[in-house]
$ cat input.pdb   # PDB, C-alpha atoms and all ligand atoms
ATOM      1  CA  MET P 121      23.291 -99.973 -74.077  1.00  0.00           C
ATOM      2  CA  ASN P 122      25.951 -99.107 -71.535  1.00  0.00           C
ATOM      3  CA  ILE P 123      23.379 -98.295 -68.958  1.00  0.00           C
ATOM      4  CA  VAL P 124      21.650-101.649 -69.414  1.00  0.00           C
ATOM      5  CA  ARG P 125      24.963-103.477 -69.088  1.00  0.00           C
ATOM      6  CA  ASN P 126      25.894-101.478 -66.021  1.00  0.00           C
ATOM      7  CA  PHE P 127      22.487-102.034 -64.488  1.00  0.00           C
ATOM      8  CA  SER P 128      22.694-105.807 -64.912  1.00  0.00           C
ATOM      9  CA  ARG P 129      26.208-105.734 -63.473  1.00  0.00           C
ATOM     10  CA  PHE P 130      24.826-103.747 -60.590  1.00  0.00           C
ATOM     11  CA  LEU P 131      22.102-106.356 -60.052  1.00  0.00           C
ATOM     12  CA  PHE P 132      24.325-109.375 -60.312  1.00  0.00           C
ATOM     13  CA  GLY P 133      27.764-108.162 -59.414  1.00  0.00           C
ATOM     14  CA  SER P 134      27.472-104.845 -57.576  1.00  0.00           C
ATOM     15  CA  GLU P 135      29.454-102.601 -59.847  1.00  0.00           C
ATOM     16  CA  CYS P 136      29.543 -98.839 -59.624  1.00  0.00           C
ATOM     17  CA  LEU P 137      27.017 -97.314 -62.022  1.00  0.00           C
ATOM     18  CA  ALA P 138      29.377 -94.503 -63.044  1.00  0.00           C
ATOM     19  CA  CYS P 139      32.753 -96.238 -63.503  1.00  0.00           C
ATOM     20  CA  GLY P 140      31.831 -99.935 -63.593  1.00  0.00           C
ATOM     21  CA  VAL P 141      34.353-100.899 -60.894  1.00  0.00           C
ATOM     22  CA  ALA P 142      33.288-103.284 -58.151  1.00  0.00           C
ATOM     23  CA  SER P 143      36.295-103.137 -55.848  1.00  0.00           C
ATOM     24  CA  GLN P 144      34.821-100.704 -53.346  1.00  0.00           C
ATOM     25  CA  PRO P 145      31.636-100.830 -51.283  1.00  0.00           C
ATOM     26  CA  LEU P 146      28.712 -99.134 -53.055  1.00  0.00           C
ATOM     27  CA  ASP P 147      26.243 -96.731 -51.559  1.00  0.00           C
ATOM     28  CA  PRO P 148      24.303 -98.455 -53.444  1.00  0.00           C
ATOM     29  CA  TRP P 149      24.863 -96.890 -56.899  1.00  0.00           C
ATOM     30  CA  LEU P 150      28.351 -95.431 -56.642  1.00  0.00           C
ATOM     31  CA  CYS P 151      31.793 -96.372 -55.407  1.00  0.00           C
ATOM     32  CA  GLU P 152      33.525 -94.006 -53.009  1.00  0.00           C
ATOM     33  CA  ASP P 153      35.555 -92.275 -55.733  1.00  0.00           C
ATOM     34  CA  CYS P 154      32.504 -91.575 -57.888  1.00  0.00           C
ATOM     35  CA  ARG P 155      30.598 -90.428 -54.837  1.00  0.00           C
ATOM     36  CA  LYS P 156      33.324 -87.834 -54.274  1.00  0.00           C
ATOM     37  CA  LYS P 157      33.048 -86.787 -57.909  1.00  0.00           C
ATOM     38  CA  LEU P 158      29.293 -86.418 -57.527  1.00  0.00           C
ATOM     39  CA  ALA P 159      29.908 -84.158 -54.521  1.00  0.00           C
ATOM     40  CA  GLU P 160      31.946 -81.882 -56.813  1.00  0.00           C
ATOM     41  CA  GLU P 161      29.017 -81.734 -59.232  1.00  0.00           C
ATOM     42  CA  ASN P 162      26.722 -80.974 -56.314  1.00  0.00           C
ATOM     43  CA  VAL P 163      26.633 -77.303 -57.156  1.00  0.00           C
ATOM     44  CA  SER P 164      23.282 -75.612 -57.397  1.00  0.00           C
ATOM     45  CA  VAL P 165      22.523 -73.071 -60.096  1.00  0.00           C
ATOM     46  CA  GLU P 166      19.987 -70.268 -59.998  1.00  0.00           C
ATOM     47  CA  ASN P 167      18.972 -69.256 -63.471  1.00  0.00           C
ATOM     48  CA  GLY P 168      17.341 -65.915 -62.864  1.00  0.00           C
ATOM     49  CA  ALA P 169      14.520 -65.526 -60.391  1.00  0.00           C
ATOM     50  CA  ASP P 170      12.452 -68.369 -61.794  1.00  0.00           C
ATOM     51  CA  ALA P 171      14.672 -71.456 -62.122  1.00  0.00           C
ATOM     52  CA  PHE P 172      16.764 -73.460 -59.692  1.00  0.00           C
ATOM     53  CA  SER P 173      18.878 -76.567 -60.450  1.00  0.00           C
ATOM     54  CA  PHE P 174      20.331 -78.936 -57.847  1.00  0.00           C
ATOM     55  CA  TYR P 175      23.419 -80.190 -59.742  1.00  0.00           C
ATOM     56  CA  THR P 176      25.572 -79.024 -62.603  1.00  0.00           C
ATOM     57  CA  MET P 177      25.954 -81.672 -65.298  1.00  0.00           C
ATOM     58  CA  GLY P 178      29.161 -83.666 -64.921  1.00  0.00           C
ATOM     59  CA  ALA P 179      30.432 -87.169 -65.713  1.00  0.00           C
ATOM     60  CA  VAL P 180      28.733 -88.834 -62.725  1.00  0.00           C
ATOM     61  CA  SER P 181      25.490 -86.858 -62.590  1.00  0.00           C
ATOM     62  CA  ARG P 182      25.080 -87.461 -66.328  1.00  0.00           C
ATOM     63  CA  LYS P 183      25.245 -91.247 -65.780  1.00  0.00           C
ATOM     64  CA  LEU P 184      22.777 -91.077 -62.909  1.00  0.00           C
ATOM     65  CA  ILE P 185      20.235 -88.955 -64.752  1.00  0.00           C
ATOM     66  CA  HIS P 186      20.642 -91.277 -67.720  1.00  0.00           C
ATOM     67  CA  GLY P 187      19.806 -94.198 -65.435  1.00  0.00           C
ATOM     68  CA  LEU P 188      16.722 -92.347 -64.241  1.00  0.00           C
ATOM     69  CA  LYS P 189      15.550 -91.519 -67.771  1.00  0.00           C
ATOM     70  CA  TYR P 190      16.576 -94.525 -69.801  1.00  0.00           C
ATOM     71  CA  GLY P 191      17.782 -97.252 -67.410  1.00  0.00           C
ATOM     72  CA  ASN P 192      14.543 -98.132 -65.620  1.00  0.00           C
ATOM     73  CA  MET P 193      15.806 -96.738 -62.331  1.00  0.00           C
ATOM     74  CA  PRO P 194      12.970 -94.650 -60.876  1.00  0.00           C
ATOM     75  CA  GLY P 195      14.626 -94.800 -57.423  1.00  0.00           C
ATOM     76  CA  MET P 196      17.428 -92.633 -58.754  1.00  0.00           C
ATOM     77  CA  ALA P 197      15.182 -89.567 -58.369  1.00  0.00           C
ATOM     78  CA  SER P 198      15.065 -89.876 -54.617  1.00  0.00           C
ATOM     79  CA  TYR P 199      18.779 -90.780 -54.460  1.00  0.00           C
ATOM     80  CA  LEU P 200      19.712 -87.592 -56.287  1.00  0.00           C
ATOM     81  CA  VAL P 201      17.323 -85.434 -54.283  1.00  0.00           C
ATOM     82  CA  ARG P 202      18.528 -86.844 -50.948  1.00  0.00           C
ATOM     83  CA  ASN P 203      22.173 -86.360 -51.931  1.00  0.00           C
ATOM     84  CA  SER P 204      21.733 -82.786 -53.097  1.00  0.00           C
ATOM     85  CA  LYS P 205      23.259 -80.311 -50.683  1.00  0.00           C
ATOM     86  CA  ALA P 206      21.025 -77.589 -52.047  1.00  0.00           C
ATOM     87  CA  VAL P 207      17.596 -79.156 -51.656  1.00  0.00           C
ATOM     88  CA  LEU P 208      16.979 -78.467 -48.009  1.00  0.00           C
ATOM     89  CA  GLU P 209      19.063 -75.360 -47.571  1.00  0.00           C
ATOM     90  CA  GLU P 210      19.343 -73.037 -50.565  1.00  0.00           C
ATOM     91  CA  PHE P 211      16.312 -74.339 -52.430  1.00  0.00           C
ATOM     92  CA  LYS P 212      13.899 -73.860 -49.547  1.00  0.00           C
ATOM     93  CA  ALA P 213      15.307 -70.396 -48.905  1.00  0.00           C
ATOM     94  CA  TRP P 214      14.946 -69.560 -52.602  1.00  0.00           C
ATOM     95  CA  LEU P 215      11.203 -70.290 -52.564  1.00  0.00           C
ATOM     96  CA  PRO P 216       9.053 -67.270 -51.781  1.00  0.00           C
ATOM     97  CA  PRO P 217       6.731 -67.424 -48.754  1.00  0.00           C
ATOM     98  CA  HIS P 218       3.695 -69.583 -49.458  1.00  0.00           C
ATOM     99  CA  ASP P 219       0.810 -71.349 -47.779  1.00  0.00           C
ATOM    100  CA  ARG P 220       0.636 -74.416 -49.993  1.00  0.00           C
ATOM    101  CA  LEU P 221       3.489 -75.805 -52.060  1.00  0.00           C
ATOM    102  CA  TYR P 222       2.789 -77.865 -55.173  1.00  0.00           C
ATOM    103  CA  PHE P 223       5.336 -79.740 -57.261  1.00  0.00           C
ATOM    104  CA  VAL P 224       4.105 -80.028 -60.849  1.00  0.00           C
ATOM    105  CA  PRO P 225       5.784 -82.664 -63.064  1.00  0.00           C
ATOM    106  CA  VAL P 226       6.503 -81.817 -66.705  1.00  0.00           C
ATOM    107  CA  PRO P 227       4.358 -84.433 -68.486  1.00  0.00           C
ATOM    108  CA  LEU P 228       6.201 -86.956 -70.541  1.00  0.00           C
ATOM    109  CA  HIS P 229       5.376 -87.568 -74.188  1.00  0.00           C
ATOM    110  CA  SER P 230       2.946 -90.502 -74.256  1.00  0.00           C
ATOM    111  CA  SER P 231       5.263 -92.729 -76.322  1.00  0.00           C
ATOM    112  CA  ARG P 232       8.086 -92.095 -73.844  1.00  0.00           C
ATOM    113  CA  PHE P 233       5.771 -92.946 -70.973  1.00  0.00           C
ATOM    114  CA  ARG P 234       4.838 -96.237 -72.627  1.00  0.00           C
ATOM    115  CA  GLU P 235       8.517 -97.062 -73.096  1.00  0.00           C
ATOM    116  CA  ARG P 236       9.577 -96.178 -69.543  1.00  0.00           C
ATOM    117  CA  GLY P 237       6.502 -97.072 -67.546  1.00  0.00           C
ATOM    118  CA  TYR P 238       7.000 -94.017 -65.367  1.00  0.00           C
ATOM    119  CA  ASN P 239       7.559 -90.312 -65.640  1.00  0.00           C
ATOM    120  CA  GLN P 240      10.917 -89.397 -64.140  1.00  0.00           C
ATOM    121  CA  THR P 241       9.791 -85.852 -63.312  1.00  0.00           C
ATOM    122  CA  GLN P 242       6.917 -87.302 -61.263  1.00  0.00           C
ATOM    123  CA  LYS P 243       9.480 -89.337 -59.300  1.00  0.00           C
ATOM    124  CA  ILE P 244      11.535 -86.196 -58.648  1.00  0.00           C
ATOM    125  CA  CYS P 245       8.338 -84.417 -57.498  1.00  0.00           C
ATOM    126  CA  GLN P 246       7.561 -87.226 -55.056  1.00  0.00           C
ATOM    127  CA  ALA P 247      11.046 -87.053 -53.538  1.00  0.00           C
ATOM    128  CA  LEU P 248      10.896 -83.262 -53.249  1.00  0.00           C
ATOM    129  CA  SER P 249       7.428 -83.168 -51.775  1.00  0.00           C
ATOM    130  CA  SER P 250       8.337 -85.521 -48.960  1.00  0.00           C
ATOM    131  CA  LEU P 251      11.462 -83.511 -48.106  1.00  0.00           C
ATOM    132  CA  CYS P 252       9.934 -80.052 -48.503  1.00  0.00           C
ATOM    133  CA  LYS P 253       6.457 -80.816 -47.147  1.00  0.00           C
ATOM    134  CA  GLY P 254       4.715 -80.119 -50.433  1.00  0.00           C
ATOM    135  CA  ARG P 255       2.288 -82.046 -52.614  1.00  0.00           C
ATOM    136  CA  VAL P 256       2.621 -83.547 -56.087  1.00  0.00           C
ATOM    137  CA  LEU P 257       0.049 -82.021 -58.428  1.00  0.00           C
ATOM    138  CA  ASP P 258      -0.462 -83.663 -61.816  1.00  0.00           C
ATOM    139  CA  LEU P 259      -1.614 -80.374 -63.299  1.00  0.00           C
ATOM    140  CA  LEU P 260      -0.380 -80.355 -66.893  1.00  0.00           C
ATOM    141  CA  GLY P 261      -1.191 -82.296 -70.040  1.00  0.00           C
ATOM    142  CA  ARG P 262       0.928 -82.575 -73.162  1.00  0.00           C
ATOM    143  CA  ARG P 263      -0.278 -82.298 -76.736  1.00  0.00           C
ATOM    144  CA  ASN P 264       1.025 -84.686 -79.349  1.00  0.00           C
ATOM    145  CA  PHE P 265       2.016 -83.598 -82.842  1.00  0.00           C
ATOM    146  CA  SER P 266       1.999 -85.786 -85.946  1.00  0.00           C
ATOM    147  CA  THR P 267       4.704 -84.088 -87.951  1.00  0.00           C
ATOM    148  CA  SER P 268       8.177 -85.168 -87.029  1.00  0.00           C
ATOM    149  CA  GLN P 269       9.751 -82.278 -85.157  1.00  0.00           C
ATOM    150  CA  THR P 270      12.954 -82.710 -87.112  1.00  0.00           C
ATOM    151  CA  LYS P 271      11.191 -81.776 -90.366  1.00  0.00           C
ATOM    152  CA  LEU P 272      10.014 -78.437 -89.013  1.00  0.00           C
ATOM    153  CA  SER P 273      11.755 -75.109 -89.177  1.00  0.00           C
ATOM    154  CA  ARG P 274      13.170 -73.685 -85.969  1.00  0.00           C
ATOM    155  CA  GLY P 275      10.257 -71.232 -85.760  1.00  0.00           C
ATOM    156  CA  GLU P 276       7.691 -74.017 -86.210  1.00  0.00           C
ATOM    157  CA  ARG P 277       9.419 -76.123 -83.569  1.00  0.00           C
ATOM    158  CA  CYS P 278       9.351 -73.210 -81.123  1.00  0.00           C
ATOM    159  CA  ALA P 279       5.651 -72.665 -81.832  1.00  0.00           C
ATOM    160  CA  ASN P 280       4.992 -76.364 -81.174  1.00  0.00           C
ATOM    161  CA  VAL P 281       6.881 -76.317 -77.906  1.00  0.00           C
ATOM    162  CA  ALA P 282       5.143 -73.115 -76.809  1.00  0.00           C
ATOM    163  CA  GLY P 283       1.732 -74.726 -77.265  1.00  0.00           C
ATOM    164  CA  ALA P 284       2.712 -78.203 -76.139  1.00  0.00           C
ATOM    165  CA  PHE P 285       1.282 -78.022 -72.611  1.00  0.00           C
ATOM    166  CA  PHE P 286      -2.094 -77.192 -71.108  1.00  0.00           C
ATOM    167  CA  VAL P 287      -3.684 -77.192 -67.665  1.00  0.00           C
ATOM    168  CA  LYS P 288      -5.767 -80.353 -67.475  1.00  0.00           C
ATOM    169  CA  LYS P 289      -6.954 -80.166 -63.885  1.00  0.00           C
ATOM    170  CA  ARG P 290      -9.377 -77.702 -62.348  1.00  0.00           C
ATOM    171  CA  VAL P 291      -7.596 -75.887 -59.578  1.00  0.00           C
ATOM    172  CA  LYS P 292      -8.427 -72.744 -57.678  1.00  0.00           C
ATOM    173  CA  PRO P 293      -5.111 -71.238 -56.740  1.00  0.00           C
ATOM    174  CA  LEU P 294      -5.132 -69.104 -53.621  1.00  0.00           C
ATOM    175  CA  ALA P 295      -3.025 -65.960 -53.457  1.00  0.00           C
ATOM    176  CA  ARG P 296      -0.160 -67.539 -51.513  1.00  0.00           C
ATOM    177  CA  ASP P 297      -0.085 -70.938 -53.201  1.00  0.00           C
ATOM    178  CA  LEU P 298       3.221 -71.704 -54.881  1.00  0.00           C
ATOM    179  CA  PHE P 299       3.549 -73.988 -57.923  1.00  0.00           C
ATOM    180  CA  VAL P 300       6.962 -75.394 -58.802  1.00  0.00           C
ATOM    181  CA  VAL P 301       7.313 -76.976 -62.242  1.00  0.00           C
ATOM    182  CA  VAL P 302       9.801 -79.853 -62.041  1.00  0.00           C
ATOM    183  CA  ASP P 303      11.957 -81.175 -64.892  1.00  0.00           C
ATOM    184  CA  ASP P 304      15.030 -83.423 -65.029  1.00  0.00           C
ATOM    185  CA  VAL P 305      17.440 -81.282 -67.050  1.00  0.00           C
ATOM    186  CA  TYR P 306      17.417 -77.529 -67.642  1.00  0.00           C
ATOM    187  CA  THR P 307      18.810 -76.801 -71.066  1.00  0.00           C
ATOM    188  CA  THR P 308      17.328 -73.901 -72.971  1.00  0.00           C
ATOM    189  CA  GLY P 309      14.406 -73.485 -70.590  1.00  0.00           C
ATOM    190  CA  ALA P 310      11.997 -73.889 -73.545  1.00  0.00           C
ATOM    191  CA  THR P 311      10.088 -76.820 -72.030  1.00  0.00           C
ATOM    192  CA  THR P 312       9.612 -75.414 -68.558  1.00  0.00           C
ATOM    193  CA  GLY P 313       8.934 -71.983 -70.077  1.00  0.00           C
ATOM    194  CA  ALA P 314       6.086 -73.519 -72.075  1.00  0.00           C
ATOM    195  CA  CYS P 315       4.703 -75.065 -68.879  1.00  0.00           C
ATOM    196  CA  LEU P 316       4.798 -71.696 -67.107  1.00  0.00           C
ATOM    197  CA  TYR P 317       3.105 -70.116 -70.113  1.00  0.00           C
ATOM    198  CA  ALA P 318       0.230 -72.621 -69.948  1.00  0.00           C
ATOM    199  CA  MET P 319      -0.155 -72.068 -66.216  1.00  0.00           C
ATOM    200  CA  ARG P 320      -0.131 -68.279 -66.493  1.00  0.00           C
ATOM    201  CA  LYS P 321      -2.748 -68.446 -69.232  1.00  0.00           C
ATOM    202  CA  TYR P 322      -4.886 -70.378 -66.774  1.00  0.00           C
ATOM    203  CA  GLY P 323      -4.340 -67.740 -64.082  1.00  0.00           C
ATOM    204  CA  ILE P 324      -1.563 -69.315 -62.045  1.00  0.00           C
ATOM    205  CA  GLU P 325       0.951 -66.526 -61.503  1.00  0.00           C
ATOM    206  CA  ASN P 326       2.934 -67.716 -58.532  1.00  0.00           C
ATOM    207  CA  ALA P 327       5.033 -70.327 -60.302  1.00  0.00           C
ATOM    208  CA  LYS P 328       8.690 -71.293 -60.442  1.00  0.00           C
ATOM    209  CA  VAL P 329      10.879 -73.986 -61.961  1.00  0.00           C
ATOM    210  CA  CYS P 330      13.292 -76.460 -60.474  1.00  0.00           C
ATOM    211  CA  THR P 331      15.352 -79.096 -62.246  1.00  0.00           C
ATOM    212  CA  MET P 332      17.690 -81.836 -61.132  1.00  0.00           C
ATOM    213  CA  LEU P 333      20.536 -80.847 -63.463  1.00  0.00           C
ATOM    214  CA  TYR P 334      21.721 -77.720 -65.147  1.00  0.00           C
ATOM    215  CA  GLU P 335      23.366 -78.333 -68.510  1.00  0.00           C
ATOM    216  CA  ARG P 336      25.220 -75.511 -70.158  1.00  0.00           C
ATOM    217  CA  SER P 337      27.435 -77.331 -72.630  1.00  0.00           C
ATOM    218  CA  ILE P 338      26.757 -78.288 -76.200  1.00  0.00           C
ATOM    219  CA  SER P 339      25.701 -81.791 -75.144  1.00  0.00           C
ATOM    220  CA  ALA P 340      22.414 -80.238 -74.033  1.00  0.00           C
ATOM    221  CA  ALA P 341      21.460 -80.444 -77.692  1.00  0.00           C
ATOM    222  CA  VAL P 342      21.883 -84.217 -77.594  1.00  0.00           C
ATOM    223  CA  ASP P 343      19.419 -84.636 -74.725  1.00  0.00           C
ATOM    224  CA  LEU P 344      16.985 -82.258 -76.339  1.00  0.00           C
ATOM    225  CA  ALA P 345      17.218 -84.171 -79.608  1.00  0.00           C
ATOM    226  CA  ALA P 346      16.721 -87.518 -77.813  1.00  0.00           C
ATOM    227  CA  ASP P 347      13.565 -86.211 -76.161  1.00  0.00           C
ATOM    228  CA  ASN P 348      12.169 -84.818 -79.401  1.00  0.00           C
ATOM    229  CA  ALA P 349      13.274 -87.462 -81.901  1.00  0.00           C
ATOM    230  CA  VAL P 350       9.834 -88.990 -82.065  1.00  0.00           C
ATOM    231  CA  VAL P 351       7.004 -88.810 -84.536  1.00  0.00           C
ATOM    232  CA  TRP P 352       4.413 -86.744 -82.721  1.00  0.00           C
ATOM    233  CA  ASP P 353       0.752 -87.561 -83.425  1.00  0.00           C
ATOM    234  CA  TYR P 354      -1.362 -84.481 -83.625  1.00  0.00           C
ATOM    235  CA  ARG P 355      -4.689 -84.595 -81.827  1.00  0.00           C
TER
HETATM  236 ZN    ZN E   1      32.774 -95.579 -59.467  1.00  0.00          ZN
END
$ encode --input "input.pdb" --output "structure tokens" --more "lines below"
Ligand SMILES: [Zn+2]
Amino acid sequence: MNIVRNFSRFLFGSECLACGVASQPLDPWLCEDCRKKLAEENVSVENGADAFSFYTMGAVSRKLIHGLKYGNMPGMASYLVRNSKAVLEEFKAWLPPHDRLYFVPVPLHSSRFRERGYNQTQKICQALSSLCKGRVLDLLGRRNFSTSQTKLSRGERCANVAGAFFVKKRVKPLARDLFVVVDDVYTTGATTGACLYAMRKYGIENAKVCTMLYERSISAAVDLAADNAVVWDYR
């Protein structure tokens, strides 16, 4: 509920989203001190050849991504993208040569979409495509499962995740087209890995992953649990 309280304070009293203090001018989400802290978390991470993250998870970036995911703040996607030092420099250089660049959002579970009214990964894609001269491609669908994920064994959960996504749009990839799967937080890589798997099965080989945050600590499990603590309906 903190995020809701902070958001209403932001609306009515202009308080910093990260620390709740209103004594300094905001930019518009953060006070100067928290903005400096965010700059320290502005450290990109390359996870092998296939995955790139713009920030490492820290106290401020965690609050901002929380606002994007749970606080009804879709504009936070473009704020974080525009404030990332890595987006225009290292990220562009990290991408292999290509003719057409597509940003592919990880689809949200349908119940999450109903709750939020938007898919945060789609918002990140939109911000990236305007900065990197790419296009947003709503390529993937997500299957729903009826059994609660928490009741399954680890192996069953992995099998569910592996088969959770499918290519829903007919595309004819050309040899030098590049597809970048976009997610908010990189934790174990299981979700984006499942997206890449679905795309490769379809014949899309030239694909990579980028995420807003890289989370290496144990709290990754909390986010993962929050995203999967739903009763999935199997269709
Ligand atoms: Zn602050």
$ resolve_selection --input "input.pdb" --expression "the PyMOL selection byres (((chain P and resi 159) around 10) and not hetatm)" --output "PDB file with C-alpha atoms, in the frame of the given file"
ATOM      1  CA  ASP P 153      35.555 -92.275 -55.733  1.00  0.00           C
ATOM      2  CA  CYS P 154      32.504 -91.575 -57.888  1.00  0.00           C
ATOM      3  CA  ARG P 155      30.598 -90.428 -54.837  1.00  0.00           C
ATOM      4  CA  LYS P 156      33.324 -87.834 -54.274  1.00  0.00           C
ATOM      5  CA  LYS P 157      33.048 -86.787 -57.909  1.00  0.00           C
ATOM      6  CA  LEU P 158      29.293 -86.418 -57.527  1.00  0.00           C
ATOM      7  CA  GLU P 160      31.946 -81.882 -56.813  1.00  0.00           C
ATOM      8  CA  GLU P 161      29.017 -81.734 -59.232  1.00  0.00           C
ATOM      9  CA  ASN P 162      26.722 -80.974 -56.314  1.00  0.00           C
ATOM     10  CA  VAL P 163      26.633 -77.303 -57.156  1.00  0.00           C
ATOM     11  CA  TYR P 175      23.419 -80.190 -59.742  1.00  0.00           C
ATOM     12  CA  VAL P 180      28.733 -88.834 -62.725  1.00  0.00           C
ATOM     13  CA  SER P 181      25.490 -86.858 -62.590  1.00  0.00           C
ATOM     14  CA  ASN P 203      22.173 -86.360 -51.931  1.00  0.00           C
ATOM     15  CA  SER P 204      21.733 -82.786 -53.097  1.00  0.00           C
ATOM     16  CA  LYS P 205      23.259 -80.311 -50.683  1.00  0.00           C
TER      17      LYS P 205
END
$ residues_near_ligand --input "input.pdb" --ligand "ligand ZN 1 (chain E)" --cutoff "12 Å" --atoms "all atoms listed in the file" --output "ChimeraX atom specification"
/P:126,130,134-158,179-181,183-184
$ atom_distance --input "input.pdb" --atom1 "atom CA of P:Tyr238" --atom2 "atom CA of P:Glu166"
27.6 Å
$ residues_around --input "input.pdb" --residues "P:Val287" --least-positions-apart "4" --cutoff "8 Å" --atoms "all atoms listed in the file" --output "PDB file with C-alpha atoms, in the frame of the given file"
ATOM      1  CA  LEU P 259      -1.614 -80.374 -63.299  1.00  0.00           C
ATOM      2  CA  LEU P 260      -0.380 -80.355 -66.893  1.00  0.00           C
ATOM      3  CA  GLY P 261      -1.191 -82.296 -70.040  1.00  0.00           C
ATOM      4  CA  ALA P 318       0.230 -72.621 -69.948  1.00  0.00           C
ATOM      5  CA  MET P 319      -0.155 -72.068 -66.216  1.00  0.00           C
ATOM      6  CA  TYR P 322      -4.886 -70.378 -66.774  1.00  0.00           C
TER       7      TYR P 322
END
$ resolve_selection --input "input.pdb" --expression "the PyMOL selection byres (((chain P and resi 297) around 10) and not hetatm)" --output "ChimeraX atom specification"
/P:216-222,292-296,298-299,324-327
$ closest_residue --input "input.pdb" --among "P:Leu257, P:Leu188, P:Val224, P:Val281" --to "P:Cys330" --atoms "only C-alpha atoms"
P:Val224
$ resolve_selection --input "input.pdb" --expression "the PyMOL selection byres (((chain P and resi 236) around 12) and not hetatm)" --output "list in words"
Gly187, Leu188, Lys189, Tyr190, Gly191, Asn192, Met193, Pro194, Leu228, His229, Ser230, Ser231, Arg232, Phe233, Arg234, Glu235, Gly237, Tyr238, Asn239 and Gln240 of chain P
$ atom_distance --input "input.pdb" --atom1 "atom CA of P:Ile185" --atom2 "atom CA of P:Gly309"
17.5 Å
$ axis_aligned_box --input "input.pdb" --around "stretch 285-292 of chain P" --padding-each-side "6 Å" --output "JSON"
{"center_x": -4.0, "center_y": -76.5, "center_z": -65.1, "size_x": 22.7, "size_y": 19.6, "size_z": 26.9}
$ closest_residue --input "input.pdb" --among "P:Met196, P:His186, P:Glu276, P:Phe211" --to "P:Ala171" --atoms "all atoms listed in the file"
P:Phe211
$ residues_around --input "input.pdb" --residues "P:Ser164" --least-positions-apart "6" --cutoff "12 Å" --atoms "only C-alpha atoms" --output "VMD selection string"
chain P and resid 171 to 177 201 204 to 211 214 306 330 to 335
$ write_last_selection --input "input.pdb" --atoms "C-alpha atoms" --output "PDB file, in the coordinates of the input"
ATOM      1  CA  ALA P 171      14.672 -71.456 -62.122  1.00  0.00           C
ATOM      2  CA  PHE P 172      16.764 -73.460 -59.692  1.00  0.00           C
ATOM      3  CA  SER P 173      18.878 -76.567 -60.450  1.00  0.00           C
ATOM      4  CA  PHE P 174      20.331 -78.936 -57.847  1.00  0.00           C
ATOM      5  CA  TYR P 175      23.419 -80.190 -59.742  1.00  0.00           C
ATOM      6  CA  THR P 176      25.572 -79.024 -62.603  1.00  0.00           C
ATOM      7  CA  MET P 177      25.954 -81.672 -65.298  1.00  0.00           C
ATOM      8  CA  VAL P 201      17.323 -85.434 -54.283  1.00  0.00           C
ATOM      9  CA  SER P 204      21.733 -82.786 -53.097  1.00  0.00           C
ATOM     10  CA  LYS P 205      23.259 -80.311 -50.683  1.00  0.00           C
ATOM     11  CA  ALA P 206      21.025 -77.589 -52.047  1.00  0.00           C
ATOM     12  CA  VAL P 207      17.596 -79.156 -51.656  1.00  0.00           C
ATOM     13  CA  LEU P 208      16.979 -78.467 -48.009  1.00  0.00           C
ATOM     14  CA  GLU P 209      19.063 -75.360 -47.571  1.00  0.00           C
ATOM     15  CA  GLU P 210      19.343 -73.037 -50.565  1.00  0.00           C
ATOM     16  CA  PHE P 211      16.312 -74.339 -52.430  1.00  0.00           C
ATOM     17  CA  TRP P 214      14.946 -69.560 -52.602  1.00  0.00           C
ATOM     18  CA  TYR P 306      17.417 -77.529 -67.642  1.00  0.00           C
ATOM     19  CA  CYS P 330      13.292 -76.460 -60.474  1.00  0.00           C
ATOM     20  CA  THR P 331      15.352 -79.096 -62.246  1.00  0.00           C
ATOM     21  CA  MET P 332      17.690 -81.836 -61.132  1.00  0.00           C
ATOM     22  CA  LEU P 333      20.536 -80.847 -63.463  1.00  0.00           C
ATOM     23  CA  TYR P 334      21.721 -77.720 -65.147  1.00  0.00           C
ATOM     24  CA  GLU P 335      23.366 -78.333 -68.510  1.00  0.00           C
TER      25      GLU P 335
END
$ atom_distance --input "input.pdb" --atom1 "atom CA of P:Val291" --atom2 "atom CA of P:Ala213"
25.9 Å
$ closest_residue --input "input.pdb" --among "P:Leu200, P:Ala284, P:Leu215, P:Val226" --to "P:Gly254" --atoms "only C-alpha atoms"
P:Leu215
$ build_atoms --input "input.pdb" --residues "stretch 202-208 of chain P" --atoms "N, CA and C atoms" --output "short mmCIF file (atom, residue, chain, number, x, y, z; two decimals), in the coordinates of the input"
data_model
loop_
_atom_site.label_atom_id
_atom_site.label_comp_id
_atom_site.auth_asym_id
_atom_site.auth_seq_id
_atom_site.Cartn_x
_atom_site.Cartn_y
_atom_site.Cartn_z
N ARG P 202 18.02 -86.71 -52.32
CA ARG P 202 18.53 -86.84 -50.95
C ARG P 202 20.01 -86.47 -50.87
N ASN P 203 20.75 -86.67 -51.95
CA ASN P 203 22.17 -86.36 -51.93
C ASN P 203 22.49 -84.93 -52.36
N SER P 204 21.48 -84.16 -52.69
CA SER P 204 21.73 -82.79 -53.10
C SER P 204 21.91 -81.92 -51.86
N LYS P 205 23.02 -81.21 -51.82
CA LYS P 205 23.26 -80.31 -50.68
C LYS P 205 22.26 -79.15 -50.70
N ALA P 206 21.81 -78.81 -51.90
CA ALA P 206 21.02 -77.59 -52.05
C ALA P 206 19.55 -77.76 -51.72
N VAL P 207 19.05 -79.00 -51.74
CA VAL P 207 17.60 -79.16 -51.66
C VAL P 207 17.03 -78.56 -50.38
N LEU P 208 17.58 -78.91 -49.26
CA LEU P 208 16.98 -78.47 -48.01
C LEU P 208 17.41 -77.07 -47.61
#
